[in-house]
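Engineer: Okay, here's the structure, questions in a sec.
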Amino acid sequence: MYAGMNKKLSWFLLIIILIAFALRLHNLTYHSLWFDEAISIHWARQTVPRILEVGFTLVEDRLPPLYYLTLKGWGGLFGFSETSVRSLSVIWGVLLIPVVTGIATLLFNRRVAVFAALLVALNPFLIWYSQEARMYAPAVFFSTLTVWTWLWFIKITSGQNREPVADQHSPSFITHQTVETPPFTIHNSQFTIHNSQFIILFILFAVLGLYTHLYTGFLLPALGLWLMISYPRAWRLWLIFAVSGLAVSAAFAPLALTIWRFSGEAAPGDPLNHLGQRTWWLLQSFIVWKAPLSPALQIVISGIVILFAILAYLKPKNYRQLQITNGKSEIANPRLLITFLFVTPFVIANLLLVRNHLTFFGERYFIVMIPWLLLLAAIGTENLGGWLGQVAKTRGRGLRAILYLPHVVLLLATILPLPGQWSIPAAKEAWRQSAAYLTTHAKANHGILIHPDWVRYPFQFYFQGPGQTYAAFSTVTPGTSLDGPLQGVVGEHPVIWLIQSHLDGPDPQRLVEQWFAARYPLATELYPPGITLKGFVPGYRLDHLPPEATPVDLQFENGLRLIGYQAETSVSAADELFHPPSGWLHVILYWRADHPLAQNAAPFVHLVGPEGIWGASLERPNDALKLYPPTQWPSTPGSQQVIRHDVDVNLNPATPPGRYQLAVGLDGSETRYILARVEVQ
C-alpha cells in the first residue's frame with residue numbers, strides 16, 4: 001500500500017518539478033541584469049584567491065564567497081551570458097522542491113507534501129530569485145536541506161516504525177490519515193556509523209549555507225529550541241546537536257568575526273519601532289512580491305495565504321480537527337518545528353537591529369522563511385478541506401469537490417500575482433534598455449558619465465556603442481570638489497550623457513546633476529526603472545548648421561530665425577519604459593538671430609492632427625534659450641553663431657495611430673510653421 005503511494009508521490013513530484021522548471025525558465029532574461037547581478041558576474045570573473053580575499057575580509061563586498069566561487073565554476077563551463085548566470089539559480093530553485101517534499105513527508109503526510117511542493121513551485125518570490133544571478137536561491141536550498149538532514153537523523157536514530165492508524169473521525173475517502181505521533185524520546189538510542197552520516201551532512205549543509213548567506217544560520221537556533229521543548233530528556237540528542245553546532249561555528253568562525261566587526265559600523269536600529277510594518281512588509285513580499293496589482297488586491301491575496309497558514313493551528317469547535325501527521329513519523333511536535341523555523345529568522349533579525357539598522361535592508365535576506373510559511377499554508381488548507389469534508393458528509397452532499405475547494409482558492413491566490421513578475425513595473429533596474437538607448441543615440445564624440453562610479457558594472461556589461469565612458473565619483477558631499485573632475489569629463493564633448501542609479505547614499509542631494517544643469521542645456525531625460533538618464537549639451541553654441549540637420553529658413557517677427565532642425569519620423573504614443581505613460585518625440589531646433597532682440601523668445605513645438613494638438617513640447621528651466629537668452633546672442637553682420645535647442649514633445653498616450661504634422665511657433669505669435677510629418681504608432 002505504501003509502495004503504491006510512494007510511486008504515486010514520485011509521479012506527482014516529477015510533474016511539480018517540471019512545472020517549477022518551466023516557470024523558472026519562462027522569460028528568464030525578460031528583466032535586465034541589475035546592479036547586484038552584475039556584481040556577481042564581476043566577482044565570478046576574478047581569480048579564486050581574489051574571491052576568497054574579498055569574501056573573508058568583506059572590505060569590497062559584504063557577502064560570503066561561496067556563491068561567487070560556484071558561479072565562477074559555472075561560468076567557466078557555460079559562459080557569463082544572462083541566460084547562463086541565471087540558469088545556475090534556476091537549478092537551485094528547482095532542487096528546493098524535492099527537499100520541501102521530503103520534509104513535509106517526514107513530518108506530515110504525502111498529500112501535504114505534494115501541495116506544499118506545488119506552492120513552492122508557484123511562489124512568485126521563489127521564482128523571482130530562482131531567476132536572479134545572486135546567492136538567495138542556493139541560500140534557501142542549503143538552509144532547507146540542513147533541516148531535512150537533521151530530521152532524517154532523528155528518524156534513523158529513533159529506530160521505530162509504527163504502522164499508520166486510521167483516523168476514524170476523518171471522512172472515509174481520506175486515506176492514510178493518522179493520529180499525530182506523541183512526543184518520542186531518544187535518550188536510549190544508539191549513535192551509529194549509519195546515522196552519523198546524517199550528522200556529517202547536517203554540518204556540511206549548515207556550513208555551506210552560512211558561506212552562501214548569513215541568514216541561513218538563523219534556522220539553527222530554531223532547531224535547538226524545538227529540541228529542548230520536544231525532547232526534554234534526550235540529553236544525548238542535545239549533546240550531538242551541541243557538538244554539531246560547535247563544528248559549524250568553528251568552520252564559520254573566520255567569517256563570523258569579520259561580519260560581527262563590520263556589523264557595528266552602521267547606526268543601531270530600534271527593534272520595536274515599526275515592528276508591525278516590517279512584519280506585513282515581509283509577509284506581503286513573500287506572497288505577491290512585485291506583481292503590479294492594486295493595493296486592495298494585494299491585501300486580499302496576502303490575507304488569504306496568511307489565513308490558511310493560521311488554520312494550521314486552529315481547531316473548529318464542533319468538528320474534530322483533521323489529523324494530518326504521518327503515522328510513520330518519529331518526529332515530535334511537527335507544527336511547533338515549522339513555526340520556529342518560520343518565526344526565528346524574523347525574531348533574530350529584529351534583535352540584531354540593536355546593533356545595525358540595516359538588518360532589514362532587503363526582503364530577499366529573509367528568503368529562508370518562505371518554505372515554512374508555505375508549508376503552514378498547506379497544512380491549514382488540508383485542515384480546512386477536511387473540516388469542510390466532514391460538514392458535507394454530515395449533510396449528505398458531495399464530498400470530494402468541497403474537500404479540494406480550499407486548495408483551489410489557495411492556488412488561485414498563489415498564481416494570480418505570477419504574470420506581473422514579468423512586466424516593466426516589476427523591473428528593478430533597466431540597464432540593458434538604457435545601454436541600448438545610448439548605443440543608438442550616443443555618438444563617437446559624446447561622453448557618458450556613470451554616477452556613482454561603482455554602478456558601471458551593469459552598464460558596461462551591456463553597452464556596445466560609441467562614446468567615451470567616465471566614472472568620476474563614488475560618493476559626493478557638499479564639500480566634494482566637482483569643478484576640476486567634471487570639467488575634465490566635459491572636455492571637448494558636445495554632449496554628455498549622465499546615467500545615474502543608487503544615489504540615495506552616494507549623492508543624495510544630486511550635486512553632480514545640479515552641476516551640469518546649472519551650466520548646460522538639457523537635451524532629454526529618461527527614467528527607466530531604477531535609473532535616471534539625462535543628456536546635457538555643453539556644445540550647444542555652434543559655428544554652423546551641422547550636416548545631419550535638415551536645413552530650413554523660417555523667419556519670425558521678432559528677428560529669430562530657424563535655420564534647421566532634426567526630428568524623429570516615427571514615435572509611439574505610449575511608453576511604459578522610459579517615461580510612462582507617454583511617448584516622447586525628440587526635436588532639435590537650430591536658431592540664429594538676424595538682429596539684436598529686444599526681448600527673449602519662448603519657442604514651442606506641437607504635434608497636430610485634424611482634431612487638434614496631440615503633443616506639446618515640455619517646459620524646462622534649463623533649456624538652451626533659458627540658459628542663454630536670445631537677447632544675449634551676438635547679431636553682428638559677420639556673426640554666424642547657431643544655437644542648438646533641444647525639445648521633447650510629450651504625446652497624449654491615447655493618440656490614434658496615423659500621420660501628424662510637427663509644427664513650430666513662438667509664444668505670443670500666431671505664426672506656425674510645419675516642419676515635418678511624423679508617424680504615430
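Residues in the C-alpha cells are named by chain (A, B, ... in the order shown) and by number from 1 within that chain; ligands are numbered from 1 in the order shown.
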Write out as a list in words the residues lying within 12 Å of A:Leu239, counting only C-alpha atoms and excluding same-chain residues fewer than 2 positions away.
Structural biologist: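 Close residues of A:Leu239: Ile186, His187, Phe191, Gly224, Leu227, Met228, Arg233, Ala234, Trp235, Arg236, Leu237, Phe241, Ala242, Val243, Ser244, Gly245 and Leu246 of chain A.
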Engineer: Show me, as a tab-separated table, the residues of stretch 64-124 of chain A having an atom within 12 Å of stretch 275-287 of chain A, each with the closest atom pair and its distance in Å, using only C-alpha atoms.
Structural biologist:
residue	atom	partner	partner_atom	distance
A:Leu119	CA	A:Ile287	CA	10.4
A:Val120	CA	A:Ile287	CA	10.9
A:Leu122	CA	A:Ile287	CA	10.3
A:Asn123	CA	A:Ile287	CA	7.0
A:Pro124	CA	A:Ile287	CA	6.9
Engineer: From stretch 436-545 of chain A, collect each residue whose DSSP state is strand (DSSP E) and return the set as a ChimeraX atom specification.
Structural biologist: /A:447-451,468-470,496-500,522-526,532-536,541-542
Engineer: Taking 3 positions as the minimum chain separation for residues in the same chain, which residues sit within 8 Å of A:Ser617 when counting only C-alpha atoms? Answer as a list in words.
Structural biologist: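 Close residues of A:Ser617: Phe604, Val605, His606, Val647, Asp648, Val649 and Asn650 of chain A.
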Engineer: Residues of the last selection are to be written out with all heavy atoms, as an mmCIF file, in the first residue's frame.
Structural biologist:
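Resulting contents of result.cif:
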data_model
loop_
_atom_site.group_PDB
_atom_site.id
_atom_site.type_symbol
_atom_site.label_atom_id
_atom_site.label_comp_id
_atom_site.auth_asym_id
_atom_site.auth_seq_id
_atom_site.Cartn_x
_atom_site.Cartn_y
_atom_site.Cartn_z
ATOM 1 N N PHE A 604 7.900 76.847 -29.114
ATOM 2 C CA PHE A 604 7.200 75.616 -28.758
ATOM 3 C C PHE A 604 7.091 74.748 -29.996
ATOM 4 O O PHE A 604 7.202 75.217 -31.133
ATOM 5 C CB PHE A 604 5.804 75.912 -28.181
ATOM 6 C CG PHE A 604 4.883 76.596 -29.143
ATOM 7 C CD1 PHE A 604 4.182 75.879 -30.127
ATOM 8 C CD2 PHE A 604 4.697 77.974 -29.094
ATOM 9 C CE1 PHE A 604 3.331 76.518 -31.009
ATOM 10 C CE2 PHE A 604 3.850 78.622 -29.987
ATOM 11 C CZ PHE A 604 3.168 77.898 -30.946
ATOM 12 N N VAL A 605 6.883 73.470 -29.763
ATOM 13 C CA VAL A 605 6.676 72.507 -30.842
ATOM 14 C C VAL A 605 5.435 71.692 -30.501
ATOM 15 O O VAL A 605 5.297 71.197 -29.369
ATOM 16 C CB VAL A 605 7.889 71.574 -31.015
ATOM 17 C CG1 VAL A 605 7.646 70.584 -32.149
ATOM 18 C CG2 VAL A 605 9.158 72.377 -31.268
ATOM 19 N N HIS A 606 4.537 71.559 -31.468
ATOM 20 C CA HIS A 606 3.310 70.798 -31.281
ATOM 21 C C HIS A 606 3.215 69.679 -32.311
ATOM 22 O O HIS A 606 3.720 69.811 -33.436
ATOM 23 C CB HIS A 606 2.077 71.698 -31.414
ATOM 24 C CG HIS A 606 1.877 72.621 -30.253
ATOM 25 N ND1 HIS A 606 1.019 73.710 -30.295
ATOM 26 C CD2 HIS A 606 2.425 72.634 -29.003
ATOM 27 C CE1 HIS A 606 1.046 74.333 -29.138
ATOM 28 N NE2 HIS A 606 1.898 73.699 -28.340
ATOM 29 N N VAL A 647 14.228 69.910 -27.667
ATOM 30 C CA VAL A 647 12.842 69.929 -27.205
ATOM 31 C C VAL A 647 12.304 68.498 -27.204
ATOM 32 O O VAL A 647 12.547 67.740 -28.146
ATOM 33 C CB VAL A 647 11.959 70.810 -28.120
ATOM 34 C CG1 VAL A 647 10.501 70.727 -27.704
ATOM 35 C CG2 VAL A 647 12.446 72.249 -28.098
ATOM 36 N N ASP A 648 11.572 68.140 -26.148
ATOM 37 C CA ASP A 648 10.836 66.877 -26.108
ATOM 38 C C ASP A 648 9.350 67.170 -26.205
ATOM 39 O O ASP A 648 8.806 67.945 -25.398
ATOM 40 C CB ASP A 648 11.130 66.111 -24.816
ATOM 41 C CG ASP A 648 12.439 65.356 -24.873
ATOM 42 O OD1 ASP A 648 12.742 64.787 -25.930
ATOM 43 O OD2 ASP A 648 13.166 65.343 -23.857
ATOM 44 N N VAL A 649 8.696 66.562 -27.183
ATOM 45 C CA VAL A 649 7.259 66.722 -27.363
ATOM 46 C C VAL A 649 6.570 65.553 -26.661
ATOM 47 O O VAL A 649 6.766 64.389 -27.024
ATOM 48 C CB VAL A 649 6.890 66.753 -28.853
ATOM 49 C CG1 VAL A 649 5.380 66.911 -29.024
ATOM 50 C CG2 VAL A 649 7.632 67.887 -29.555
ATOM 51 N N ASN A 650 5.770 65.874 -25.670
ATOM 52 C CA ASN A 650 5.065 64.870 -24.872
ATOM 53 C C ASN A 650 3.726 64.553 -25.524
ATOM 54 O O ASN A 650 2.862 65.413 -25.652
ATOM 55 C CB ASN A 650 4.869 65.401 -23.458
ATOM 56 C CG ASN A 650 4.245 64.381 -22.546
ATOM 57 O OD1 ASN A 650 4.402 63.182 -22.740
ATOM 58 N ND2 ASN A 650 3.519 64.845 -21.537
#
Engineer: Just to confirm, what's the straight-line distance from atom CA of A:Asn195 to atom CA of A:Thr157 in Å (one decimal)?
Structural biologist: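 According to the coordinates, atom CA of A:Asn195 and atom CA of A:Thr157 are separated by 6.4 Å.
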Engineer: Taking 6 positions as the minimum chain separation for residues in the same chain, which residues sit within 9 Å of A:Val90 when counting only C-alpha atoms? Answer as a PDB file with N, CA, C and O atoms, in the first residue's frame.
Structural biologist:
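Saved to selection-v8.pdb:
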ATOM      1  N   PHE A  21      10.411  23.965 -13.074  1.00  0.00           N
ATOM      2  CA  PHE A  21      11.490  24.203 -14.036  1.00  0.00           C
ATOM      3  C   PHE A  21      11.013  25.097 -15.174  1.00  0.00           C
ATOM      4  O   PHE A  21      11.707  26.042 -15.584  1.00  0.00           O
ATOM      5  N   ARG A  24      10.535  28.733 -13.996  1.00  0.00           N
ATOM      6  CA  ARG A  24      11.797  29.416 -13.721  1.00  0.00           C
ATOM      7  C   ARG A  24      12.597  29.684 -14.996  1.00  0.00           C
ATOM      8  O   ARG A  24      13.456  30.580 -15.000  1.00  0.00           O
ATOM      9  N   LEU A  25      12.336  28.934 -16.028  1.00  0.00           N
ATOM     10  CA  LEU A  25      12.962  29.223 -17.322  1.00  0.00           C
ATOM     11  C   LEU A  25      12.154  30.227 -18.137  1.00  0.00           C
ATOM     12  O   LEU A  25      12.696  30.863 -19.038  1.00  0.00           O
ATOM     13  N   ILE A 127      10.264  32.106  -7.345  1.00  0.00           N
ATOM     14  CA  ILE A 127      10.516  32.102  -8.785  1.00  0.00           C
ATOM     15  C   ILE A 127      11.419  33.271  -9.163  1.00  0.00           C
ATOM     16  O   ILE A 127      12.364  33.128  -9.944  1.00  0.00           O
ATOM     17  N   TYR A 129      13.702  34.877  -7.406  1.00  0.00           N
ATOM     18  CA  TYR A 129      15.103  34.702  -7.015  1.00  0.00           C
ATOM     19  C   TYR A 129      15.711  33.424  -7.570  1.00  0.00           C
ATOM     20  O   TYR A 129      16.925  33.236  -7.457  1.00  0.00           O
ATOM     21  N   SER A 130      14.879  32.580  -8.196  1.00  0.00           N
ATOM     22  CA  SER A 130      15.420  31.482  -8.992  1.00  0.00           C
ATOM     23  C   SER A 130      15.792  31.949 -10.393  1.00  0.00           C
ATOM     24  O   SER A 130      16.350  31.183 -11.172  1.00  0.00           O
ATOM     25  N   GLN A 131      15.462  33.192 -10.716  1.00  0.00           N
ATOM     26  CA  GLN A 131      15.825  33.787 -11.998  1.00  0.00           C
ATOM     27  C   GLN A 131      16.833  34.911 -11.828  1.00  0.00           C
ATOM     28  O   GLN A 131      17.064  35.679 -12.760  1.00  0.00           O
ATOM     29  N   GLU A 132      17.427  35.023 -10.665  1.00  0.00           N
ATOM     30  CA  GLU A 132      18.373  36.100 -10.397  1.00  0.00           C
ATOM     31  C   GLU A 132      19.751  35.517 -10.097  1.00  0.00           C
ATOM     32  O   GLU A 132      19.879  34.551  -9.346  1.00  0.00           O
ATOM     33  N   ALA A 137      18.773  31.923  -4.032  1.00  0.00           N
ATOM     34  CA  ALA A 137      18.222  30.595  -4.342  1.00  0.00           C
ATOM     35  C   ALA A 137      19.050  29.485  -3.690  1.00  0.00           C
ATOM     36  O   ALA A 137      18.478  28.588  -3.052  1.00  0.00           O
TER      37      ALA A 137
END
Engineer: Do a neighbour search on A:Thr671 at 12 Å with only C-alpha atoms, toss out local chain neighbours closer than 5 positions, and write the hits as JSON, numbers by chain.
Structural biologist: {"A": [554, 555, 556, 557, 558, 603, 604, 663, 664, 665, 666]}
Engineer: Take the residues from that selection and write them out as a PDB file, in the first residue's frame, keeping all heavy atoms.
Structural biologist:
ATOM      1  N   LEU A 554      13.154  79.807 -41.689  1.00  0.00           N
ATOM      2  CA  LEU A 554      11.888  80.288 -41.168  1.00  0.00           C
ATOM      3  C   LEU A 554      12.149  81.525 -40.318  1.00  0.00           C
ATOM      4  O   LEU A 554      12.811  81.455 -39.281  1.00  0.00           O
ATOM      5  CB  LEU A 554      11.204  79.200 -40.332  1.00  0.00           C
ATOM      6  CG  LEU A 554      10.963  77.853 -41.049  1.00  0.00           C
ATOM      7  CD1 LEU A 554      10.326  76.855 -40.101  1.00  0.00           C
ATOM      8  CD2 LEU A 554      10.090  78.052 -42.289  1.00  0.00           C
ATOM      9  N   GLN A 555      11.626  82.659 -40.778  1.00  0.00           N
ATOM     10  CA  GLN A 555      11.850  83.942 -40.122  1.00  0.00           C
ATOM     11  C   GLN A 555      10.652  84.304 -39.259  1.00  0.00           C
ATOM     12  O   GLN A 555       9.515  84.294 -39.724  1.00  0.00           O
ATOM     13  CB  GLN A 555      12.071  85.035 -41.160  1.00  0.00           C
ATOM     14  CG  GLN A 555      12.255  86.423 -40.582  1.00  0.00           C
ATOM     15  CD  GLN A 555      13.585  86.565 -39.852  1.00  0.00           C
ATOM     16  OE1 GLN A 555      14.627  86.330 -40.440  1.00  0.00           O
ATOM     17  NE2 GLN A 555      13.536  86.949 -38.589  1.00  0.00           N
ATOM     18  N   PHE A 556      10.910  84.606 -37.957  1.00  0.00           N
ATOM     19  CA  PHE A 556       9.843  85.048 -37.066  1.00  0.00           C
ATOM     20  C   PHE A 556       9.905  86.564 -36.903  1.00  0.00           C
ATOM     21  O   PHE A 556      10.949  87.199 -37.139  1.00  0.00           O
ATOM     22  CB  PHE A 556       9.961  84.344 -35.714  1.00  0.00           C
ATOM     23  CG  PHE A 556       9.595  82.876 -35.761  1.00  0.00           C
ATOM     24  CD1 PHE A 556      10.554  81.922 -36.075  1.00  0.00           C
ATOM     25  CD2 PHE A 556       8.294  82.471 -35.516  1.00  0.00           C
ATOM     26  CE1 PHE A 556      10.224  80.579 -36.121  1.00  0.00           C
ATOM     27  CE2 PHE A 556       7.956  81.125 -35.561  1.00  0.00           C
ATOM     28  CZ  PHE A 556       8.918  80.177 -35.863  1.00  0.00           C
ATOM     29  N   GLU A 557       8.761  87.146 -36.466  1.00  0.00           N
ATOM     30  CA  GLU A 557       8.627  88.606 -36.430  1.00  0.00           C
ATOM     31  C   GLU A 557       9.653  89.284 -35.527  1.00  0.00           C
ATOM     32  O   GLU A 557      10.076  90.412 -35.793  1.00  0.00           O
ATOM     33  CB  GLU A 557       7.215  88.988 -35.953  1.00  0.00           C
ATOM     34  CG  GLU A 557       6.096  88.566 -36.893  1.00  0.00           C
ATOM     35  CD  GLU A 557       5.599  87.155 -36.599  1.00  0.00           C
ATOM     36  OE1 GLU A 557       6.322  86.415 -35.868  1.00  0.00           O
ATOM     37  OE2 GLU A 557       4.525  86.784 -37.082  1.00  0.00           O
ATOM     38  N   ASN A 558      10.060  88.619 -34.462  1.00  0.00           N
ATOM     39  CA  ASN A 558      10.964  89.263 -33.503  1.00  0.00           C
ATOM     40  C   ASN A 558      12.425  89.218 -33.939  1.00  0.00           C
ATOM     41  O   ASN A 558      13.304  89.657 -33.216  1.00  0.00           O
ATOM     42  CB  ASN A 558      10.811  88.617 -32.127  1.00  0.00           C
ATOM     43  CG  ASN A 558      11.296  87.169 -32.113  1.00  0.00           C
ATOM     44  OD1 ASN A 558      11.465  86.551 -33.166  1.00  0.00           O
ATOM     45  ND2 ASN A 558      11.518  86.638 -30.920  1.00  0.00           N
ATOM     46  N   PRO A 603      10.071  79.459 -27.810  1.00  0.00           N
ATOM     47  CA  PRO A 603       9.552  78.605 -28.880  1.00  0.00           C
ATOM     48  C   PRO A 603       8.797  77.397 -28.320  1.00  0.00           C
ATOM     49  O   PRO A 603       9.025  76.965 -27.190  1.00  0.00           O
ATOM     50  CB  PRO A 603      10.807  78.160 -29.628  1.00  0.00           C
ATOM     51  CG  PRO A 603      11.886  79.104 -29.191  1.00  0.00           C
ATOM     52  CD  PRO A 603      11.536  79.487 -27.798  1.00  0.00           C
ATOM     53  N   PHE A 604       7.900  76.847 -29.114  1.00  0.00           N
ATOM     54  CA  PHE A 604       7.200  75.616 -28.758  1.00  0.00           C
ATOM     55  C   PHE A 604       7.091  74.748 -29.996  1.00  0.00           C
ATOM     56  O   PHE A 604       7.202  75.217 -31.133  1.00  0.00           O
ATOM     57  CB  PHE A 604       5.804  75.912 -28.181  1.00  0.00           C
ATOM     58  CG  PHE A 604       4.883  76.596 -29.143  1.00  0.00           C
ATOM     59  CD1 PHE A 604       4.182  75.879 -30.127  1.00  0.00           C
ATOM     60  CD2 PHE A 604       4.697  77.974 -29.094  1.00  0.00           C
ATOM     61  CE1 PHE A 604       3.331  76.518 -31.009  1.00  0.00           C
ATOM     62  CE2 PHE A 604       3.850  78.622 -29.987  1.00  0.00           C
ATOM     63  CZ  PHE A 604       3.168  77.898 -30.946  1.00  0.00           C
ATOM     64  N   ALA A 663       4.634  71.052 -35.849  1.00  0.00           N
ATOM     65  CA  ALA A 663       4.559  72.498 -36.041  1.00  0.00           C
ATOM     66  C   ALA A 663       5.409  73.210 -35.004  1.00  0.00           C
ATOM     67  O   ALA A 663       5.498  72.785 -33.849  1.00  0.00           O
ATOM     68  CB  ALA A 663       3.116  72.976 -35.947  1.00  0.00           C
ATOM     69  N   VAL A 664       6.045  74.341 -35.400  1.00  0.00           N
ATOM     70  CA  VAL A 664       6.871  75.137 -34.504  1.00  0.00           C
ATOM     71  C   VAL A 664       6.349  76.558 -34.500  1.00  0.00           C
ATOM     72  O   VAL A 664       5.856  77.070 -35.522  1.00  0.00           O
ATOM     73  CB  VAL A 664       8.356  75.109 -34.932  1.00  0.00           C
ATOM     74  CG1 VAL A 664       8.537  75.696 -36.318  1.00  0.00           C
ATOM     75  CG2 VAL A 664       9.240  75.839 -33.912  1.00  0.00           C
ATOM     76  N   GLY A 665       6.415  77.202 -33.337  1.00  0.00           N
ATOM     77  CA  GLY A 665       5.972  78.586 -33.224  1.00  0.00           C
ATOM     78  C   GLY A 665       6.597  79.237 -32.015  1.00  0.00           C
ATOM     79  O   GLY A 665       7.402  78.624 -31.286  1.00  0.00           O
ATOM     80  N   LEU A 666       6.252  80.514 -31.786  1.00  0.00           N
ATOM     81  CA  LEU A 666       6.723  81.260 -30.626  1.00  0.00           C
ATOM     82  C   LEU A 666       5.532  81.682 -29.790  1.00  0.00           C
ATOM     83  O   LEU A 666       4.488  82.063 -30.342  1.00  0.00           O
ATOM     84  CB  LEU A 666       7.509  82.501 -31.045  1.00  0.00           C
ATOM     85  CG  LEU A 666       8.782  82.309 -31.860  1.00  0.00           C
ATOM     86  CD1 LEU A 666       9.391  83.669 -32.182  1.00  0.00           C
ATOM     87  CD2 LEU A 666       9.781  81.448 -31.093  1.00  0.00           C
TER      88      LEU A 666
END
